[in-house]
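**Q** I have a structure I would like to understand better, so I am pasting it below and will then ask my questions one at a time.
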Protein chains: 2
Amino acid sequence: MYTLYSMRRSGNCYKVRLALAQLDIPHELIEIDILKGETRTPEFLAMNPSGHVPLLEVAPGRHVAESNAILWYIAGHTPLFPDDRADRAEMLQWMFFEQHSLEPNLGAAYFWLALVKGGRELQSHALEDWLQEGYRALGVMEKHLATRRFFAAGRYSIADIALYAYTHLAHQCDFDLASFPAVRGWLRRIEAQPGHVAMDWQPQMAAAQ
Amino acid sequence: MYTLYSMRRSGNCYKVRLALAQLDIPHELIEIDILKGETRTPEFLAMNPSGHVPLLEVAPGRHVAESNAILWYIAGHTPLFPDDRADRAEMLQWMFFEQHSLEPNLGAAYFWLALVKGGRELQSHALEDWLQEGYRALGVMEKHLATRRFFAAGRYSIADIALYAYTHLAHQCDFDLASFPAVRGWLRRIEAQPGHVAMDWQPQMAAAQ
């Protein structure tokens, strides 16, 4: 069984928790608090030299890091993964776009504005850049979604999960999606997928039902 | 035949040119000058809404963007691509690391310091952050390579190509690799791979031989 090291309020971790829930894949969840330095201990760094969650143990002593690499690992041969080679490349294209152009801006703004007490004052010099570059990324997404229901392969895939994680948190970190109607429609489509769970969902909720 | 839209002095484009050369894959090369705005024309944005090179046309009217997604597309079923699922995930892990933690720092520093006239003055406020975060990424790589010859799967793969592109340019943008001996040894191993070509290599060099 997989072991997932995860922080509940991290969008990157939510991606993996959402995919595991939607695919109904059993796993043990270990909650990590990055604000308490729990990813910078020698034990954690031995598992992931980057010092980040999420981190998935896929076999005893064998770990996969980076949220989108984990998504790729767990979703292979499932309905969240297209069959065609060019479709898969398109899916990866949007997953790299997410880590390069969206997450460093919306993710950073969310972390400092929504999670860290006093973060707005600490990062006031950076906020303008995050907003400018984040809106640029959202503009690329809006244009793409204007004529498409999902990001890649004409269907719901892990590319959508990757991009959903921080986009659905935009309103919590100073971004306004009012002028991004296609993005807002896509967010609703993702939330309507069978087995979708919210970011504050926990496995024991299902067990208690 | 593939068509690659590429800029000669871009590290992201060099990744793809290196892999195509090393795999001996025929392609047409179209030189794009991003400094002249050639990726922001309506025609280019219709092919890639992000407005970036490299961009690979894989079939008439069908394009793959993002350098590492292109590497993934062209290298499948070649010696640059491991067979095992966990090995492939490890390879992708380092490719996402590259786009998230290395390229935004070394790539940005290289672009503004080595390519743009007057860039150092324009970006003086950002350089300190690029150096700090870039050195942090290089530190993660150094630790990983201290006990390994390559980044993933115990062999040369597209993860190495992805990370090589900007790491080998570090000395051109204020980074000093003196205290990263494992990284320097790895750079030499990459350059010793059969079919390796330098960044200023051009296909007509081979044709003229």
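The way I read the labels, and the way they are meant: chains A, B, ... in the order of the structure tokens, residue 1 as the first residue of every chain, and ligand 1 as the first ligand shown, with later ones counted on from there.
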Each residue of chain B with at least one atom at most 8 Å from chain A should appear once, together with its nearest atom pair and the corresponding distance in Å (one decimal); atoms considered: only C-alpha atoms; ordering: chain, then increasing residue number; output as JSON lines.

**A**
```
{"residue": "B:Pro49", "atom": "CA", "partner": "A:Val140", "partner_atom": "CA", "distance": 5.8}
{"residue": "B:Ser50", "atom": "CA", "partner": "A:Val140", "partner_atom": "CA", "distance": 6.0}
{"residue": "B:Val58", "atom": "CA", "partner": "A:Ala86", "partner_atom": "CA", "distance": 7.9}
{"residue": "B:Val64", "atom": "CA", "partner": "A:Glu90", "partner_atom": "CA", "distance": 6.2}
{"residue": "B:Ala65", "atom": "CA", "partner": "A:Gln93", "partner_atom": "CA", "distance": 5.9}
{"residue": "B:Glu66", "atom": "CA", "partner": "A:Gln93", "partner_atom": "CA", "distance": 5.4}
{"residue": "B:Asn68", "atom": "CA", "partner": "A:Phe96", "partner_atom": "CA", "distance": 7.4}
{"residue": "B:Ala69", "atom": "CA", "partner": "A:Gln93", "partner_atom": "CA", "distance": 5.1}
{"residue": "B:Ile70", "atom": "CA", "partner": "A:Ala89", "partner_atom": "CA", "distance": 7.0}
{"residue": "B:Trp72", "atom": "CA", "partner": "A:Ala89", "partner_atom": "CA", "distance": 7.0}
{"residue": "B:Tyr73", "atom": "CA", "partner": "A:Ala89", "partner_atom": "CA", "distance": 5.8}
{"residue": "B:Arg85", "atom": "CA", "partner": "A:Tyr73", "partner_atom": "CA", "distance": 7.2}
{"residue": "B:Ala86", "atom": "CA", "partner": "A:Tyr73", "partner_atom": "CA", "distance": 7.2}
{"residue": "B:Ala89", "atom": "CA", "partner": "A:Ala69", "partner_atom": "CA", "distance": 5.6}
{"residue": "B:Glu90", "atom": "CA", "partner": "A:Val64", "partner_atom": "CA", "distance": 6.1}
{"residue": "B:Leu92", "atom": "CA", "partner": "A:Ala69", "partner_atom": "CA", "distance": 5.5}
{"residue": "B:Gln93", "atom": "CA", "partner": "A:Ala69", "partner_atom": "CA", "distance": 5.1}
{"residue": "B:Phe96", "atom": "CA", "partner": "A:Glu66", "partner_atom": "CA", "distance": 6.6}
{"residue": "B:Phe97", "atom": "CA", "partner": "A:Glu66", "partner_atom": "CA", "distance": 7.0}
{"residue": "B:Gln99", "atom": "CA", "partner": "A:His100", "partner_atom": "CA", "distance": 5.7}
{"residue": "B:His100", "atom": "CA", "partner": "A:His100", "partner_atom": "CA", "distance": 5.4}
{"residue": "B:Pro104", "atom": "CA", "partner": "A:His100", "partner_atom": "CA", "distance": 7.6}
{"residue": "B:Ala137", "atom": "CA", "partner": "A:Ser50", "partner_atom": "CA", "distance": 7.9}
{"residue": "B:Val140", "atom": "CA", "partner": "A:Pro49", "partner_atom": "CA", "distance": 5.8}
{"residue": "B:Lys143", "atom": "CA", "partner": "A:Pro49", "partner_atom": "CA", "distance": 7.3}
{"residue": "B:His144", "atom": "CA", "partner": "A:Pro49", "partner_atom": "CA", "distance": 7.2}
```

**Q** Determine which residues of stretch 8-38 of chain A DSSP labels as strand (DSSP E) from the backbone of this structure, then write them out as a PyMOL selection string.

**A** chain A and resi 27-31

**Q** Check chain B with DSSP on the backbone and list each residue it calls helix (DSSP H, G or I), as a CSV table (one decimal) with C-alpha atoms, in the first residue's frame.

**A**
```
chain,number,residue,atom,x,y,z
B,11,GLY,CA,18.6,26.4,-23.0
B,12,ASN,CA,15.1,25.0,-23.1
B,13,CYS,CA,15.4,24.7,-26.9
B,14,TYR,CA,18.9,23.2,-26.7
B,15,LYS,CA,17.4,20.3,-24.7
B,16,VAL,CA,15.2,19.3,-27.6
B,17,ARG,CA,17.9,19.9,-30.2
B,18,LEU,CA,20.4,17.8,-28.2
B,19,ALA,CA,17.9,14.9,-27.9
B,20,LEU,CA,16.9,15.0,-31.6
B,21,ALA,CA,20.6,15.0,-32.6
B,22,GLN,CA,21.5,12.2,-30.1
B,34,ILE,CA,12.1,35.8,-29.0
B,35,LEU,CA,13.9,39.1,-28.5
B,36,LYS,CA,12.2,40.3,-31.7
B,42,PRO,CA,-1.0,35.9,-33.7
B,43,GLU,CA,0.3,33.0,-35.9
B,44,PHE,CA,2.7,31.7,-33.2
B,45,LEU,CA,0.2,32.1,-30.4
B,46,ALA,CA,-2.3,30.1,-32.4
B,47,MET,CA,0.2,27.2,-32.3
B,67,SER,CA,10.6,21.6,-23.5
B,68,ASN,CA,10.2,18.6,-21.1
B,69,ALA,CA,6.9,17.5,-22.6
B,70,ILE,CA,8.6,17.5,-26.0
B,71,LEU,CA,11.5,15.5,-24.6
B,72,TRP,CA,9.1,13.0,-23.2
B,73,TYR,CA,7.3,12.8,-26.6
B,74,ILE,CA,10.4,12.3,-28.8
B,75,ALA,CA,12.3,10.0,-26.4
B,85,ARG,CA,7.2,2.6,-14.2
B,86,ALA,CA,8.9,3.8,-11.0
B,87,ASP,CA,12.1,4.6,-12.9
B,88,ARG,CA,10.0,6.7,-15.3
B,89,ALA,CA,8.3,8.5,-12.4
B,90,GLU,CA,11.7,9.2,-11.0
B,91,MET,CA,12.8,10.7,-14.3
B,92,LEU,CA,9.7,12.9,-14.5
B,93,GLN,CA,10.3,13.9,-10.9
B,94,TRP,CA,13.6,15.4,-11.8
B,95,MET,CA,12.1,17.0,-15.0
B,96,PHE,CA,9.5,18.7,-12.9
B,97,PHE,CA,12.2,19.7,-10.4
B,98,GLU,CA,14.1,21.3,-13.3
B,99,GLN,CA,11.2,23.4,-14.5
B,100,HIS,CA,10.1,24.4,-11.0
B,101,SER,CA,13.3,24.9,-9.1
B,102,LEU,CA,16.3,25.2,-11.5
B,103,GLU,CA,15.1,26.8,-14.8
B,104,PRO,CA,13.2,29.7,-13.2
B,105,ASN,CA,16.5,30.8,-11.5
B,106,LEU,CA,19.4,29.8,-13.7
B,107,GLY,CA,17.3,30.2,-16.9
B,108,ALA,CA,16.1,33.7,-15.9
B,109,ALA,CA,19.6,34.7,-14.8
B,110,TYR,CA,21.1,33.4,-18.1
B,111,PHE,CA,18.4,35.2,-20.2
B,112,TRP,CA,18.9,38.6,-18.6
B,113,LEU,CA,22.7,38.5,-18.0
B,114,ALA,CA,23.9,36.6,-21.1
B,115,LEU,CA,21.3,37.4,-23.8
B,119,GLY,CA,19.7,43.1,-18.6
B,120,ARG,CA,21.8,43.1,-15.5
B,121,GLU,CA,20.7,46.7,-14.7
B,122,LEU,CA,17.1,46.0,-15.6
B,124,SER,CA,19.2,44.0,-10.5
B,125,HIS,CA,16.3,43.6,-8.0
B,126,ALA,CA,15.7,40.0,-8.9
B,127,LEU,CA,19.3,38.7,-9.2
B,128,GLU,CA,19.8,38.0,-5.5
B,129,ASP,CA,16.7,35.8,-5.4
B,130,TRP,CA,17.8,33.9,-8.5
B,131,LEU,CA,21.2,33.2,-7.1
B,132,GLN,CA,19.8,32.1,-3.7
B,133,GLU,CA,17.1,29.8,-5.1
B,134,GLY,CA,19.4,28.6,-7.9
B,135,TYR,CA,22.1,27.6,-5.4
B,136,ARG,CA,19.5,25.9,-3.4
B,137,ALA,CA,18.5,23.8,-6.4
B,138,LEU,CA,22.2,23.1,-7.3
B,139,GLY,CA,22.6,21.9,-3.6
B,140,VAL,CA,19.8,19.4,-4.0
B,141,MET,CA,21.4,18.1,-7.3
B,142,GLU,CA,24.9,17.9,-5.6
B,143,LYS,CA,23.5,15.8,-2.8
B,144,HIS,CA,21.7,13.5,-5.2
B,145,LEU,CA,24.7,13.1,-7.5
B,158,ILE,CA,16.0,12.8,-20.7
B,159,ALA,CA,16.1,13.9,-17.0
B,160,ASP,CA,19.8,14.4,-17.4
B,161,ILE,CA,19.3,16.3,-20.7
B,162,ALA,CA,16.6,18.5,-19.0
B,163,LEU,CA,18.9,19.4,-16.1
B,164,TYR,CA,22.1,19.7,-18.2
B,165,ALA,CA,20.7,22.5,-20.4
B,166,TYR,CA,20.9,25.4,-17.9
B,167,THR,CA,23.4,23.8,-15.4
B,170,ALA,CA,25.8,28.4,-14.9
B,171,HIS,CA,29.2,30.1,-15.3
B,172,GLN,CA,27.7,32.5,-17.9
B,173,CYS,CA,25.2,33.9,-15.4
B,181,PRO,CA,32.1,18.7,-7.5
B,182,ALA,CA,29.5,16.0,-8.1
B,183,VAL,CA,27.6,18.3,-10.4
B,184,ARG,CA,30.8,19.1,-12.3
B,185,GLY,CA,31.6,15.4,-12.7
B,186,TRP,CA,28.1,14.8,-13.9
B,187,LEU,CA,28.4,17.6,-16.5
B,188,ARG,CA,31.5,15.9,-17.9
B,189,ARG,CA,29.7,12.5,-18.0
B,190,ILE,CA,26.8,14.0,-20.0
B,191,GLU,CA,29.3,15.6,-22.5
B,203,PRO,CA,22.5,20.3,-38.2
B,204,GLN,CA,24.4,21.6,-41.2
B,205,MET,CA,27.7,21.0,-39.4
B,206,ALA,CA,26.9,17.3,-39.7
B,207,ALA,CA,25.8,17.6,-43.3
B,208,ALA,CA,29.0,19.4,-44.2
```

**Q** Could you tell me how far atom CA of B:Leu80 lies from atom CA of B:Arg9, in Å and to one decimal?

**A**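 Taking atom CA of B:Leu80 as the start and atom CA of B:Arg9 as the end point, the length is 23.4 Å.
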
**Q** Which residues, written as number ranges by chain, have at least one atom at most 8 Å from A:Tyr2, with only C-alpha atoms counted and residues fewer than 6 positions away on the same chain left out?

**A** A: 26-28, 56-59

**Q** Tell me, in Å to one decimal, how far atom CA of B:Ser10 is from atom CA of B:Leu169.

**A**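 Between atom CA of B:Ser10 and atom CA of B:Leu169 the gap works out to 10.4 Å.
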
**Q** What separation in Å, quoted to one decimal, exists between atom CA of A:Ser179 and atom CA of A:Ala153?

**A** 25.5 Å

**Q** Taking only C-alpha atoms into account, which of B:Ile25, B:His52, B:His168, B:Phe81 comes nearest B:Met199?

**A**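 With only C-alpha atoms as the atom set, the closest residue is B:His168.
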